[in-house]
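Enquirer: Contents of query_14.cif (mmCIF, N, CA, C and O atoms):
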```
data_my_file
loop_
_atom_site.group_PDB
_atom_site.id
_atom_site.type_symbol
_atom_site.label_atom_id
_atom_site.label_comp_id
_atom_site.auth_asym_id
_atom_site.auth_seq_id
_atom_site.Cartn_x
_atom_site.Cartn_y
_atom_site.Cartn_z
ATOM 1 N N GLY A 1 83.132 53.083 -54.330
ATOM 2 C CA GLY A 1 82.482 51.858 -53.956
ATOM 3 C C GLY A 1 81.231 52.077 -53.141
ATOM 4 O O GLY A 1 80.289 51.284 -53.225
ATOM 5 N N THR A 2 81.191 53.148 -52.360
ATOM 6 C CA THR A 2 80.011 53.348 -51.513
ATOM 7 C C THR A 2 78.807 53.784 -52.322
ATOM 8 O O THR A 2 77.682 53.590 -51.886
ATOM 9 N N LYS A 3 79.025 54.354 -53.495
ATOM 10 C CA LYS A 3 77.898 54.764 -54.333
ATOM 11 C C LYS A 3 77.235 53.558 -54.991
ATOM 12 O O LYS A 3 76.042 53.545 -55.229
ATOM 13 N N VAL A 4 78.019 52.530 -55.281
ATOM 14 C CA VAL A 4 77.516 51.351 -55.967
ATOM 15 C C VAL A 4 77.099 50.266 -54.975
ATOM 16 O O VAL A 4 76.333 49.379 -55.313
ATOM 17 N N TYR A 5 77.578 50.369 -53.760
ATOM 18 C CA TYR A 5 77.339 49.334 -52.753
ATOM 19 C C TYR A 5 75.870 48.935 -52.613
ATOM 20 O O TYR A 5 75.562 47.745 -52.669
ATOM 21 N N PRO A 6 74.945 49.864 -52.438
ATOM 22 C CA PRO A 6 73.546 49.444 -52.276
ATOM 23 C C PRO A 6 72.982 48.745 -53.509
ATOM 24 O O PRO A 6 72.230 47.783 -53.384
ATOM 25 N N VAL A 7 73.357 49.202 -54.684
ATOM 26 C CA VAL A 7 72.824 48.615 -55.916
ATOM 27 C C VAL A 7 73.304 47.176 -56.081
ATOM 28 O O VAL A 7 72.570 46.314 -56.546
ATOM 29 N N VAL A 8 74.539 46.913 -55.664
ATOM 30 C CA VAL A 8 75.113 45.586 -55.841
ATOM 31 C C VAL A 8 74.709 44.637 -54.710
ATOM 32 O O VAL A 8 74.319 43.495 -54.955
ATOM 33 N N PHE A 9 74.778 45.092 -53.476
ATOM 34 C CA PHE A 9 74.645 44.176 -52.357
ATOM 35 C C PHE A 9 73.246 44.063 -51.761
ATOM 36 O O PHE A 9 72.941 43.046 -51.139
ATOM 37 N N VAL A 10 72.391 45.051 -51.920
ATOM 38 C CA VAL A 10 71.044 44.931 -51.350
ATOM 39 C C VAL A 10 70.268 43.776 -51.988
ATOM 40 O O VAL A 10 69.655 42.983 -51.254
ATOM 41 N N PRO A 11 70.272 43.601 -53.310
ATOM 42 C CA PRO A 11 69.573 42.424 -53.856
ATOM 43 C C PRO A 11 70.177 41.098 -53.389
ATOM 44 O O PRO A 11 69.445 40.153 -53.096
ATOM 45 N N VAL A 12 71.489 41.034 -53.279
ATOM 46 C CA VAL A 12 72.138 39.805 -52.816
ATOM 47 C C VAL A 12 71.760 39.522 -51.369
ATOM 48 O O VAL A 12 71.396 38.391 -51.008
ATOM 49 N N LEU A 13 71.835 40.541 -50.529
ATOM 50 C CA LEU A 13 71.481 40.359 -49.121
ATOM 51 C C LEU A 13 70.001 40.032 -48.958
ATOM 52 O O LEU A 13 69.628 39.269 -48.065
ATOM 53 N N ALA A 14 69.159 40.584 -49.824
ATOM 54 C CA ALA A 14 67.728 40.258 -49.766
ATOM 55 C C ALA A 14 67.504 38.785 -50.102
ATOM 56 O O ALA A 14 66.699 38.106 -49.441
ATOM 57 N N MET A 15 68.214 38.273 -51.100
ATOM 58 C CA MET A 15 68.076 36.850 -51.446
ATOM 59 C C MET A 15 68.579 35.956 -50.317
ATOM 60 O O MET A 15 67.970 34.937 -50.003
ATOM 61 N N VAL A 16 69.687 36.344 -49.701
ATOM 62 C CA VAL A 16 70.222 35.554 -48.586
ATOM 63 C C VAL A 16 69.228 35.550 -47.427
ATOM 64 O O VAL A 16 68.955 34.502 -46.830
ATOM 65 N N ALA A 17 68.677 36.702 -47.108
ATOM 66 C CA ALA A 17 67.697 36.781 -46.015
ATOM 67 C C ALA A 17 66.449 35.976 -46.353
ATOM 68 O O ALA A 17 65.903 35.293 -45.492
ATOM 69 N N TRP A 18 65.992 36.040 -47.575
ATOM 70 C CA TRP A 18 64.785 35.313 -47.970
ATOM 71 C C TRP A 18 65.018 33.798 -47.941
ATOM 72 O O TRP A 18 64.140 33.046 -47.568
ATOM 73 N N ARG A 19 66.218 33.367 -48.323
ATOM 74 C CA ARG A 19 66.520 31.928 -48.295
ATOM 75 C C ARG A 19 66.629 31.401 -46.873
ATOM 76 O O ARG A 19 66.324 30.241 -46.621
ATOM 77 N N ARG A 20 67.094 32.249 -45.957
ATOM 78 C CA ARG A 20 67.150 31.811 -44.553
ATOM 79 C C ARG A 20 65.758 31.521 -44.054
ATOM 80 O O ARG A 20 65.517 30.491 -43.449
ATOM 81 N N SER A 21 64.862 32.460 -44.285
ATOM 82 C CA SER A 21 63.442 32.253 -43.986
ATOM 83 C C SER A 21 62.683 33.435 -44.570
ATOM 84 O O SER A 21 63.196 34.554 -44.620
ATOM 85 N N PRO A 22 61.454 33.191 -45.021
ATOM 86 C CA PRO A 22 60.669 34.316 -45.556
ATOM 87 C C PRO A 22 60.459 35.425 -44.526
ATOM 88 O O PRO A 22 60.368 36.598 -44.877
ATOM 89 N N ARG A 23 60.426 35.050 -43.255
ATOM 90 C CA ARG A 23 60.260 36.070 -42.216
ATOM 91 C C ARG A 23 61.480 36.990 -42.181
ATOM 92 O O ARG A 23 61.351 38.215 -42.064
ATOM 93 N N ASP A 24 62.680 36.427 -42.316
ATOM 94 C CA ASP A 24 63.895 37.250 -42.368
ATOM 95 C C ASP A 24 63.889 38.156 -43.598
ATOM 96 O O ASP A 24 64.332 39.298 -43.546
ATOM 97 N N GLY A 25 63.400 37.632 -44.714
ATOM 98 C CA GLY A 25 63.297 38.438 -45.926
ATOM 99 C C GLY A 25 62.365 39.614 -45.758
ATOM 100 O O GLY A 25 62.646 40.723 -46.219
ATOM 101 N N ARG A 26 61.240 39.367 -45.078
ATOM 102 C CA ARG A 26 60.299 40.475 -44.824
ATOM 103 C C ARG A 26 60.916 41.518 -43.898
ATOM 104 O O ARG A 26 60.766 42.718 -44.116
ATOM 105 N N TRP A 27 61.624 41.060 -42.851
ATOM 106 C CA TRP A 27 62.260 42.014 -41.944
ATOM 107 C C TRP A 27 63.349 42.812 -42.646
ATOM 108 O O TRP A 27 63.540 43.996 -42.387
ATOM 109 N N PHE A 28 64.067 42.170 -43.548
ATOM 110 C CA PHE A 28 65.075 42.884 -44.323
ATOM 111 C C PHE A 28 64.428 43.948 -45.197
ATOM 112 O O PHE A 28 64.902 45.089 -45.268
ATOM 113 N N ALA A 29 63.325 43.592 -45.855
ATOM 114 C CA ALA A 29 62.612 44.560 -46.699
ATOM 115 C C ALA A 29 62.085 45.722 -45.864
ATOM 116 O O ALA A 29 62.168 46.885 -46.285
ATOM 117 N N ILE A 30 61.568 45.428 -44.691
ATOM 118 C CA ILE A 30 61.082 46.497 -43.802
ATOM 119 C C ILE A 30 62.234 47.411 -43.399
ATOM 120 O O ILE A 30 62.096 48.636 -43.366
ATOM 121 N N GLY A 31 63.407 46.835 -43.122
ATOM 122 C CA GLY A 31 64.574 47.638 -42.755
ATOM 123 C C GLY A 31 65.050 48.524 -43.897
ATOM 124 O O GLY A 31 65.414 49.679 -43.687
ATOM 125 N N VAL A 32 65.040 47.976 -45.118
ATOM 126 C CA VAL A 32 65.452 48.769 -46.282
ATOM 127 C C VAL A 32 64.480 49.927 -46.503
ATOM 128 O O VAL A 32 64.891 51.069 -46.739
ATOM 129 N N ILE A 33 63.202 49.638 -46.406
ATOM 130 C CA ILE A 33 62.198 50.698 -46.585
ATOM 131 C C ILE A 33 62.320 51.742 -45.488
ATOM 132 O O ILE A 33 62.267 52.950 -45.761
ATOM 133 N N ALA A 34 62.518 51.307 -44.248
ATOM 134 C CA ALA A 34 62.678 52.259 -43.138
ATOM 135 C C ALA A 34 63.928 53.109 -43.325
ATOM 136 O O ALA A 34 63.944 54.290 -42.961
ATOM 137 N N GLY A 35 64.971 52.536 -43.895
ATOM 138 C CA GLY A 35 66.187 53.308 -44.160
ATOM 139 C C GLY A 35 66.032 54.297 -45.298
ATOM 140 O O GLY A 35 66.685 55.339 -45.333
ATOM 141 N N LEU A 36 65.159 53.972 -46.252
ATOM 142 C CA LEU A 36 64.956 54.861 -47.398
ATOM 143 C C LEU A 36 63.957 55.985 -47.112
ATOM 144 O O LEU A 36 63.982 57.004 -47.801
ATOM 145 N N LEU A 37 63.091 55.809 -46.135
ATOM 146 C CA LEU A 37 62.082 56.837 -45.853
ATOM 147 C C LEU A 37 62.677 58.212 -45.569
ATOM 148 O O LEU A 37 62.196 59.208 -46.126
ATOM 149 N N PRO A 38 63.716 58.343 -44.716
ATOM 150 C CA PRO A 38 64.296 59.685 -44.524
ATOM 151 C C PRO A 38 64.887 60.259 -45.805
ATOM 152 O O PRO A 38 64.801 61.464 -46.049
ATOM 153 N N LEU A 39 65.495 59.410 -46.626
ATOM 154 C CA LEU A 39 66.056 59.899 -47.888
ATOM 155 C C LEU A 39 64.968 60.401 -48.827
ATOM 156 O O LEU A 39 65.126 61.426 -49.494
ATOM 157 N N VAL A 40 63.861 59.683 -48.884
ATOM 158 C CA VAL A 40 62.747 60.109 -49.736
ATOM 159 C C VAL A 40 62.161 61.415 -49.210
ATOM 160 O O VAL A 40 61.868 62.331 -49.987
ATOM 161 N N ALA A 41 62.027 61.515 -47.891
ATOM 162 C CA ALA A 41 61.471 62.742 -47.303
ATOM 163 C C ALA A 41 62.382 63.943 -47.565
ATOM 164 O O ALA A 41 61.906 65.038 -47.863
ATOM 165 N N LEU A 42 63.695 63.746 -47.470
ATOM 166 C CA LEU A 42 64.628 64.854 -47.679
ATOM 167 C C LEU A 42 64.826 65.189 -49.151
ATOM 168 O O LEU A 42 65.221 66.298 -49.483
ATOM 169 N N SER A 43 64.573 64.238 -50.036
ATOM 170 C CA SER A 43 64.832 64.488 -51.451
ATOM 171 C C SER A 43 63.914 65.561 -52.033
ATOM 172 O O SER A 43 64.228 66.135 -53.070
ATOM 173 N N TRP A 44 62.824 65.853 -51.371
ATOM 174 C CA TRP A 44 61.925 66.909 -51.862
ATOM 175 C C TRP A 44 62.469 68.295 -51.556
ATOM 176 O O TRP A 44 62.152 69.250 -52.249
ATOM 177 N N SER A 45 63.319 68.407 -50.519
ATOM 178 C CA SER A 45 63.817 69.728 -50.153
ATOM 179 C C SER A 45 65.308 69.920 -50.444
ATOM 180 O O SER A 45 65.770 71.043 -50.526
ATOM 181 N N VAL A 46 66.064 68.846 -50.557
ATOM 182 C CA VAL A 46 67.499 68.929 -50.813
ATOM 183 C C VAL A 46 67.745 68.613 -52.287
ATOM 184 O O VAL A 46 67.337 67.559 -52.759
ATOM 185 N N PRO A 47 68.396 69.497 -53.011
ATOM 186 C CA PRO A 47 68.624 69.229 -54.446
ATOM 187 C C PRO A 47 69.720 68.192 -54.657
ATOM 188 O O PRO A 47 70.879 68.513 -54.886
ATOM 189 N N TRP A 48 69.365 66.930 -54.564
ATOM 190 C CA TRP A 48 70.334 65.843 -54.651
ATOM 191 C C TRP A 48 70.972 65.744 -56.028
ATOM 192 O O TRP A 48 72.052 65.193 -56.167
ATOM 193 N N TRP A 49 70.319 66.262 -57.045
ATOM 194 C CA TRP A 49 70.847 66.151 -58.401
ATOM 195 C C TRP A 49 72.022 67.096 -58.641
ATOM 196 O O TRP A 49 72.725 66.971 -59.615
ATOM 197 N N SER A 50 72.271 68.046 -57.750
ATOM 198 C CA SER A 50 73.366 69.000 -57.957
ATOM 199 C C SER A 50 74.735 68.389 -57.653
ATOM 200 O O SER A 50 75.743 69.046 -57.860
ATOM 201 N N PHE A 51 74.771 67.130 -57.167
ATOM 202 C CA PHE A 51 76.064 66.507 -56.900
ATOM 203 C C PHE A 51 76.888 66.369 -58.177
ATOM 204 O O PHE A 51 78.115 66.401 -58.140
ATOM 205 N N ALA A 52 76.246 66.225 -59.312
ATOM 206 C CA ALA A 52 76.970 66.042 -60.569
ATOM 207 C C ALA A 52 77.691 67.319 -60.996
ATOM 208 O O ALA A 52 78.716 67.257 -61.670
ATOM 209 N N SER A 53 77.197 68.485 -60.613
ATOM 210 C CA SER A 53 77.839 69.730 -61.025
ATOM 211 C C SER A 53 79.199 69.913 -60.364
ATOM 212 O O SER A 53 80.053 70.624 -60.891
ATOM 213 N N VAL A 54 79.434 69.270 -59.236
ATOM 214 C CA VAL A 54 80.719 69.363 -58.562
ATOM 215 C C VAL A 54 81.792 68.679 -59.402
ATOM 216 O O VAL A 54 82.932 69.129 -59.473
ATOM 217 N N HIS A 55 81.425 67.607 -60.076
ATOM 218 C CA HIS A 55 82.398 66.812 -60.799
ATOM 219 C C HIS A 55 82.783 67.401 -62.160
ATOM 220 O O HIS A 55 83.765 66.965 -62.745
ATOM 221 N N THR A 56 82.046 68.359 -62.664
ATOM 222 C CA THR A 56 82.326 68.871 -63.999
ATOM 223 C C THR A 56 83.598 69.704 -64.064
ATOM 224 O O THR A 56 84.230 69.772 -65.117
ATOM 225 N N ASN A 57 83.990 70.347 -62.969
ATOM 226 C CA ASN A 57 85.164 71.217 -62.984
ATOM 227 C C ASN A 57 86.409 70.561 -62.414
ATOM 228 O O ASN A 57 87.447 71.202 -62.308
ATOM 229 N N ARG A 58 86.309 69.297 -62.037
ATOM 230 C CA ARG A 58 87.466 68.601 -61.476
ATOM 231 C C ARG A 58 88.349 68.064 -62.589
ATOM 232 O O ARG A 58 87.896 67.753 -63.677
ATOM 233 N N GLY A 59 89.599 67.938 -62.275
ATOM 234 C CA GLY A 59 90.529 67.326 -63.222
ATOM 235 C C GLY A 59 90.529 65.819 -63.069
ATOM 236 O O GLY A 59 89.693 65.247 -62.373
ATOM 237 N N LEU A 60 91.463 65.185 -63.718
ATOM 238 C CA LEU A 60 91.582 63.735 -63.610
ATOM 239 C C LEU A 60 92.213 63.378 -62.270
ATOM 240 O O LEU A 60 93.194 63.980 -61.847
ATOM 241 N N GLU A 61 91.666 62.376 -61.607
ATOM 242 C CA GLU A 61 92.196 61.937 -60.321
ATOM 243 C C GLU A 61 93.252 60.858 -60.534
ATOM 244 O O GLU A 61 93.098 59.982 -61.381
ATOM 245 N N ALA A 62 94.287 60.905 -59.744
ATOM 246 C CA ALA A 62 95.383 59.958 -59.901
ATOM 247 C C ALA A 62 94.952 58.535 -59.561
ATOM 248 O O ALA A 62 95.469 57.581 -60.115
ATOM 249 N N GLU A 63 93.994 58.362 -58.646
ATOM 250 C CA GLU A 63 93.579 57.032 -58.220
ATOM 251 C C GLU A 63 92.534 56.413 -59.133
ATOM 252 O O GLU A 63 92.160 55.264 -58.964
ATOM 253 N N SER A 64 92.046 57.163 -60.091
ATOM 254 C CA SER A 64 90.966 56.685 -60.933
ATOM 255 C C SER A 64 91.490 55.779 -62.043
ATOM 256 O O SER A 64 92.442 56.111 -62.745
ATOM 257 N N LEU A 65 90.846 54.635 -62.217
ATOM 258 C CA LEU A 65 91.209 53.716 -63.301
ATOM 259 C C LEU A 65 90.986 54.377 -64.651
ATOM 260 O O LEU A 65 91.815 54.277 -65.555
ATOM 261 N N TRP A 66 89.867 55.088 -64.801
ATOM 262 C CA TRP A 66 89.552 55.730 -66.082
ATOM 263 C C TRP A 66 90.519 56.864 -66.388
ATOM 264 O O TRP A 66 90.886 57.078 -67.544
ATOM 265 N N ALA A 67 90.944 57.590 -65.373
ATOM 266 C CA ALA A 67 91.946 58.639 -65.592
ATOM 267 C C ALA A 67 93.269 58.022 -66.039
ATOM 268 O O ALA A 67 93.945 58.554 -66.918
ATOM 269 N N SER A 68 93.609 56.886 -65.454
ATOM 270 C CA SER A 68 94.842 56.207 -65.861
ATOM 271 C C SER A 68 94.766 55.752 -67.310
ATOM 272 O O SER A 68 95.747 55.852 -68.061
ATOM 273 N N ILE A 69 93.607 55.272 -67.725
ATOM 274 C CA ILE A 69 93.429 54.849 -69.117
ATOM 275 C C ILE A 69 93.533 56.051 -70.051
ATOM 276 O O ILE A 69 94.165 55.981 -71.114
ATOM 277 N N LEU A 70 92.944 57.192 -69.660
ATOM 278 C CA LEU A 70 93.042 58.396 -70.483
ATOM 279 C C LEU A 70 94.485 58.873 -70.601
ATOM 280 O O LEU A 70 94.936 59.260 -71.675
ATOM 281 N N TRP A 71 95.216 58.866 -69.474
ATOM 282 C CA TRP A 71 96.611 59.297 -69.528
ATOM 283 C C TRP A 71 97.441 58.349 -70.383
ATOM 284 O O TRP A 71 98.327 58.774 -71.118
ATOM 285 N N LEU A 72 97.175 57.056 -70.271
ATOM 286 C CA LEU A 72 97.902 56.084 -71.086
ATOM 287 C C LEU A 72 97.632 56.321 -72.570
ATOM 288 O O LEU A 72 98.548 56.308 -73.388
ATOM 289 N N SER A 73 96.371 56.589 -72.909
ATOM 290 C CA SER A 73 96.058 56.867 -74.310
ATOM 291 C C SER A 73 96.681 58.190 -74.755
ATOM 292 O O SER A 73 97.098 58.320 -75.912
ATOM 293 N N HIS A 74 96.784 59.173 -73.835
ATOM 294 C CA HIS A 74 97.426 60.448 -74.164
ATOM 295 C C HIS A 74 98.906 60.240 -74.498
ATOM 296 O O HIS A 74 99.415 60.783 -75.473
ATOM 297 N N PHE A 75 99.584 59.432 -73.686
ATOM 298 C CA PHE A 75 101.012 59.185 -73.926
ATOM 299 C C PHE A 75 101.228 58.313 -75.165
ATOM 300 O O PHE A 75 102.308 58.304 -75.729
ATOM 301 N N ALA A 76 100.170 57.587 -75.567
ATOM 302 C CA ALA A 76 100.272 56.777 -76.792
ATOM 303 C C ALA A 76 99.985 57.609 -78.032
ATOM 304 O O ALA A 76 100.106 57.120 -79.159
ATOM 305 N N GLY A 77 99.562 58.872 -77.856
ATOM 306 C CA GLY A 77 99.353 59.761 -79.001
ATOM 307 C C GLY A 77 97.928 60.217 -79.183
ATOM 308 O O GLY A 77 97.662 61.095 -79.995
ATOM 309 N N ALA A 78 96.965 59.662 -78.454
ATOM 310 C CA ALA A 78 95.574 60.101 -78.564
ATOM 311 C C ALA A 78 95.339 61.297 -77.650
ATOM 312 O O ALA A 78 95.929 61.373 -76.576
ATOM 313 N N PRO A 79 94.497 62.245 -78.055
ATOM 314 C CA PRO A 79 94.233 63.386 -77.180
ATOM 315 C C PRO A 79 93.395 62.972 -75.964
ATOM 316 O O PRO A 79 92.399 62.278 -76.103
ATOM 317 N N ALA A 80 93.842 63.355 -74.794
ATOM 318 C CA ALA A 80 93.126 63.031 -73.548
ATOM 319 C C ALA A 80 92.360 64.266 -73.088
ATOM 320 O O ALA A 80 92.960 65.252 -72.667
ATOM 321 N N ARG A 81 91.065 64.223 -73.214
ATOM 322 C CA ARG A 81 90.224 65.341 -72.768
ATOM 323 C C ARG A 81 89.090 64.825 -71.948
ATOM 324 O O ARG A 81 88.529 63.828 -72.203
#
```
The structure given in the file should be rewritten as structure tokens.
Expert:
Amino acid sequence: GTKVYPVVFVPVLAMVAWRRSPRDGRWFAIGVIAGLLPLVALSWSVPWWSFASVHTNRGLEAESLWASILWLSHFAGAPAR
């Protein structure tokens, strides 16, 4: 949920702030930009794209909805890979 949180809630919160007053909307935008500046600065030196390589060697997680669907299809006779 924390990976999707900004994508889902930042536009909603921006609309709420803008509807309260345009000044609040501008302050919200300034806060979002100020929060992203360190990430942009660090992204040039930290290989952020390597996070995906960690997930390639993991097995199915018990708490994952998609893993549960794969296991269910495996027990129904479909190969789960």
Enquirer: Once 6 Å is added on each side, what are the centre and the three edge lengths, in Å to one decimal, of the axis-aligned box enclosing the listed atoms of region 27-31 of chain A? Present them as JSON.
Expert:
```
{"center_x": 63.2, "center_y": 45.4, "center_z": -44.3, "size_x": 16.3, "size_y": 20.6, "size_z": 16.8}
```
Enquirer: As a PyMOL selection string, list the residues of chain A assigned to helix (DSSP H, G or I) by DSSP on the backbone atoms of this structure.
Expert: chain A and resi 5-20+22-43+48-55+65-75
Enquirer: Within 7 Å of region 5-16 of chain A, counting all atoms listed in the file, which residues qualify if same-chain residues fewer than 5 places away don't, as an MDAnalysis selection string?
Expert: chainID A and resid 21 24:25 28:29
